[in-house]
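*Asks:* Here's a structure for you.
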Amino acid sequence: MTATTLFPAARETPATTARRHPRIVSIAGSDPSGGAGIQADIKSISAHGGYAMAAITALTAQNTRGVQQVHVPPAAFLRAQLDALSADITIDAVKIGMLGSAEVMEAVGGWLAQTRPAAVVLDPVMVATSGDVLMPPEALAALLALLPHTDLVTPNIPELGALLGRPEAGDWAQAVAQGRELAAAHNVRVLVKGGHLPGEACLDALVEADGTVHEFTAPRIHTANTHGTGCSLSSAVATLQAQTGDWVESVRTAKAWLVGALESSAVLEVGAGAGPVNHLHGLWGSAAPALDSFSRLLWNDCAPQRQAIFGLEFIRELAAGTLHRDHFAYYLAQDALYLGAYSRVLARASALAPTEAEQKFWASGAQGCLDVELALHRDWLSRYPIESPQGPVTKHYVDHLQAVAFAGTYGEVVAAVLPCYWLYAEVGRVLHADYLRYDGAHPYGSWLETYADDDFAQATATAIGFLDGAARNGSGAERARMREAFAHSAQYEVDFFDAPHRQLGAPAARP
Ligand SMILES: Nc1ncnc2c1ncn2[C@@H]1O[C@H](COP(=O)(O)OP(=O)(O)OP(=O)(O)O)[C@@H](O)[C@H]1O
Ligand SMILES: Cc1ncc(CO)c(N)n1
């Protein structure tokens, strides 16, 4: 740690460091859906051991799909909130988020000049994840006037361009160059966030006022639940900075935490759009009831397969609407063949089930498969006629399921059939959220609409519960075989989505 990280050049007040439970104020807007704004800030600060306070700058009416309305109370009342805090409480760090007007920004600037908190992190909230505008563009000058009171500013790629009055950076090198430009122009530390750039890595760069750059990388987590990542990251950094006095380590730790929060976000099941991250994953992970630990193990086991699925041409083109109709038709035809066999394996699970509830659940799953198969033929395959005998991947997947159904225990059959539910539900959620943001007529729109079905998500949760029950009742050897059966099926799910491109190659013309 250097003297400059302890005593930032841009400010004179030394940071209050090494405080285990620092007192952190979030000055931000309210997001009633709890994923962004002050609600996210409070969770993020608390997750890191800080004492969270919040002075509300604006009320939004929003959910995971978008922002419906914004109400900005008088700036004088915000100042009254801030004065009430500083009159009584020592503030170790401040995180600033949405500021809905130039007057609000001026009120915050006046208070910062007077209070001089030890660390100030400014997240320049301009546009929500959903694309809704949260800052009037004419307030830009007032926002820039806050930079002399700021230790760290955390723009995403579009915000960085806007702060400089330049077009948005097109690649990472340009983004870092813009970060250096902003840092030099305002003598401020900049965290350039690369989440909006394409690629399998999410890069961030901490640019010191003197131009020194520290880069951080994380794997891109393929999830729709990215609402409030910026809010959550900046609050975490503010809290960690107040604890350690080290900006570089604070960013590194906060980013690693955010990856865990993104990875474990699926358990929350909040909303149909861009859902929240799981801020308290550390706490809940350690306090998780033992009974669901087996399904958690299997889910972690198949992390590489989950990553692989979202990298496949088939899935990427399906989401973008550019998938060739022959690839789509091949997939549908194989799916119809698969579902016929899968239905019989679900019927086997029903036959082996130890309770009546489980017996009924799998029997109705078996019937549901046949209904879906019929609907595929009626609604899609009639429009996309294709000559398609059983392909090699379909055969291998079905052979595996039938082998387990023939010789395996109830737990093994449940483990073998579960990836089809679980990975499908996850893919469905992500594709459906992408589809909601899609502009124009999507060629596979009506199919994608049926994809994120609440009943299916519910059935998946029930099936996971049955898996955990079977694992609890089974021996160690049986659990090992369950794990193996699940892993094989998870890999076949990847291969199944990849089969259209592998079997047909690249068609000459686009649809
Ligand atoms: N899918 C992802 N996987 C891993 N990290 C991600 C992902 N999406 C965003 N991040 C990380 O989250 C942080 C916030 O990044 P982003 O560029 O999305 O900010 P933002 O647009 O301000 O966020 P917000 O969604 O709150 O508006 C960065 O550290 C970024 O690398
Ligand atoms: C209140 C609020 N602040 C910030 C964001 C950015 O994600 C949001 N969506 N809502």
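Naming scheme: A, B, ... for chains in displayed order of the structure tokens; residues 1 onward per chain; ligands 1 onward as shown.
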For Ser388 (chain A), work out the shell of residues within 12 Å, counting only C-alpha atoms and skipping chain neighbours fewer than 3 positions away, then give it as a ChimeraX atom specification.
*Replies:* /A:326-327,329-337,381,384-385,391-392,394,500,503-504
*Asks:* Return as a PyMOL selection string every polymer residue, whether protein, DNA or RNA, with at least one atom no more than 7 Å from an atom of ligand 2; count only C-alpha atoms and all ligand atoms.
*Replies:* chain A and resi 28-31+36-38+59-60+97-98+125+127-129+227-231
*Asks:* Need to verify the contact set: Ser232 (chain A), 7 Å, only C-alpha atoms, exclusion of same-chain residues closer than 4 positions in sequence. Can you return it as a PyMOL selection string?
*Replies:* chain A and resi 40-41+44+228+236
*Asks:* Taking only C-alpha atoms and all ligand atoms into account, which residues have an atom no farther than 9 Å from ligand 1? I'd like them as a PyMOL selection string.
*Replies:* chain A and resi 35-37+123-131+154-159+191-197+200-204+216-234+251+254-256+258-260+262-263+274
*Asks:* Please produce an output containing C-alpha atoms for each residue in the selection, written as an mmCIF file, in the first residue's frame.
*Replies:*
data_model
loop_
_atom_site.group_PDB
_atom_site.id
_atom_site.type_symbol
_atom_site.label_atom_id
_atom_site.label_comp_id
_atom_site.auth_asym_id
_atom_site.auth_seq_id
_atom_site.Cartn_x
_atom_site.Cartn_y
_atom_site.Cartn_z
ATOM 1 C CA GLY A 35 -32.161 -4.922 -6.967
ATOM 2 C CA ALA A 36 -30.636 -1.485 -7.551
ATOM 3 C CA GLY A 37 -30.456 1.934 -5.881
ATOM 4 C CA ASP A 123 -21.398 5.935 -9.484
ATOM 5 C CA PRO A 124 -22.608 8.191 -12.298
ATOM 6 C CA VAL A 125 -26.040 6.631 -12.809
ATOM 7 C CA MET A 126 -27.372 7.840 -16.147
ATOM 8 C CA VAL A 127 -29.267 4.923 -17.653
ATOM 9 C CA ALA A 128 -30.746 1.850 -15.891
ATOM 10 C CA THR A 129 -29.883 -1.717 -16.988
ATOM 11 C CA SER A 130 -33.292 -1.701 -18.721
ATOM 12 C CA GLY A 131 -32.258 1.305 -20.854
ATOM 13 C CA THR A 154 -17.205 4.291 -11.482
ATOM 14 C CA PRO A 155 -18.651 4.824 -14.979
ATOM 15 C CA ASN A 156 -19.757 2.022 -17.282
ATOM 16 C CA ILE A 157 -18.777 2.320 -20.956
ATOM 17 C CA PRO A 158 -21.622 4.631 -22.103
ATOM 18 C CA GLU A 159 -21.327 6.790 -18.961
ATOM 19 C CA LEU A 191 -12.982 2.608 -12.255
ATOM 20 C CA VAL A 192 -13.739 1.808 -15.900
ATOM 21 C CA LYS A 193 -16.340 -0.996 -15.948
ATOM 22 C CA GLY A 194 -16.304 -3.206 -19.018
ATOM 23 C CA GLY A 195 -19.519 -5.159 -18.356
ATOM 24 C CA HIS A 196 -21.185 -3.656 -21.449
ATOM 25 C CA LEU A 197 -18.471 -4.818 -23.876
ATOM 26 C CA GLU A 200 -16.349 -14.061 -22.219
ATOM 27 C CA ALA A 201 -14.413 -11.928 -19.700
ATOM 28 C CA CYS A 202 -15.722 -8.903 -17.775
ATOM 29 C CA LEU A 203 -12.805 -6.500 -17.466
ATOM 30 C CA ASP A 204 -12.577 -3.497 -15.146
ATOM 31 C CA PHE A 216 -9.186 -6.802 -13.003
ATOM 32 C CA THR A 217 -10.817 -9.634 -14.860
ATOM 33 C CA ALA A 218 -13.695 -11.983 -14.084
ATOM 34 C CA PRO A 219 -15.473 -14.637 -16.120
ATOM 35 C CA ARG A 220 -18.723 -13.364 -17.628
ATOM 36 C CA ILE A 221 -21.567 -15.036 -15.767
ATOM 37 C CA HIS A 222 -24.331 -15.965 -18.156
ATOM 38 C CA THR A 223 -27.377 -14.811 -16.323
ATOM 39 C CA ALA A 224 -30.198 -12.359 -16.889
ATOM 40 C CA ASN A 225 -29.784 -11.138 -13.300
ATOM 41 C CA THR A 226 -27.577 -8.096 -13.828
ATOM 42 C CA HIS A 227 -29.932 -5.431 -12.479
ATOM 43 C CA GLY A 228 -28.012 -3.166 -10.098
ATOM 44 C CA THR A 229 -24.530 -4.629 -10.607
ATOM 45 C CA GLY A 230 -23.072 -1.105 -10.792
ATOM 46 C CA CYS A 231 -24.828 0.055 -7.583
ATOM 47 C CA SER A 232 -23.819 -3.095 -5.736
ATOM 48 C CA LEU A 233 -20.178 -2.922 -6.848
ATOM 49 C CA SER A 234 -19.690 0.759 -5.943
ATOM 50 C CA VAL A 251 -11.971 -3.274 -6.096
ATOM 51 C CA ALA A 254 -15.686 -6.360 -4.449
ATOM 52 C CA LYS A 255 -15.469 -7.742 -7.983
ATOM 53 C CA ALA A 256 -14.885 -11.312 -6.775
ATOM 54 C CA LEU A 258 -20.036 -9.652 -7.288
ATOM 55 C CA VAL A 259 -19.207 -12.729 -9.388
ATOM 56 C CA GLY A 260 -20.511 -14.923 -6.549
ATOM 57 C CA LEU A 262 -24.263 -13.086 -10.016
ATOM 58 C CA GLU A 263 -23.578 -16.822 -9.980
ATOM 59 C CA ALA A 274 -33.208 -8.460 -15.455
#
*Asks:* With distances taken over only C-alpha atoms, which of A:Ala506, A:Ala52, A:Ala139, A:Leu448 is nearest to Thr239 (chain A)?
*Replies:* A:Ala52
*Asks:* Taking the DSSP secondary structure from the backbone, can you list the residues of region 212-389 of chain A that are strand (DSSP E or B), as a ChimeraX atom specification?
*Replies:* /A:213-219,227,276
*Asks:* Keeping only C-alpha atoms, write the selected residues to a file as an mmCIF file, in the first residue's frame.
*Replies:*
data_model
loop_
_atom_site.group_PDB
_atom_site.id
_atom_site.type_symbol
_atom_site.label_atom_id
_atom_site.label_comp_id
_atom_site.auth_asym_id
_atom_site.auth_seq_id
_atom_site.Cartn_x
_atom_site.Cartn_y
_atom_site.Cartn_z
ATOM 1 C CA VAL A 213 -3.769 1.387 -14.440
ATOM 2 C CA HIS A 214 -4.704 -1.756 -12.470
ATOM 3 C CA GLU A 215 -6.756 -4.286 -14.424
ATOM 4 C CA PHE A 216 -9.186 -6.802 -13.003
ATOM 5 C CA THR A 217 -10.817 -9.634 -14.860
ATOM 6 C CA ALA A 218 -13.695 -11.983 -14.084
ATOM 7 C CA PRO A 219 -15.473 -14.637 -16.120
ATOM 8 C CA HIS A 227 -29.932 -5.431 -12.479
ATOM 9 C CA PRO A 276 -31.284 -8.829 -8.895
#
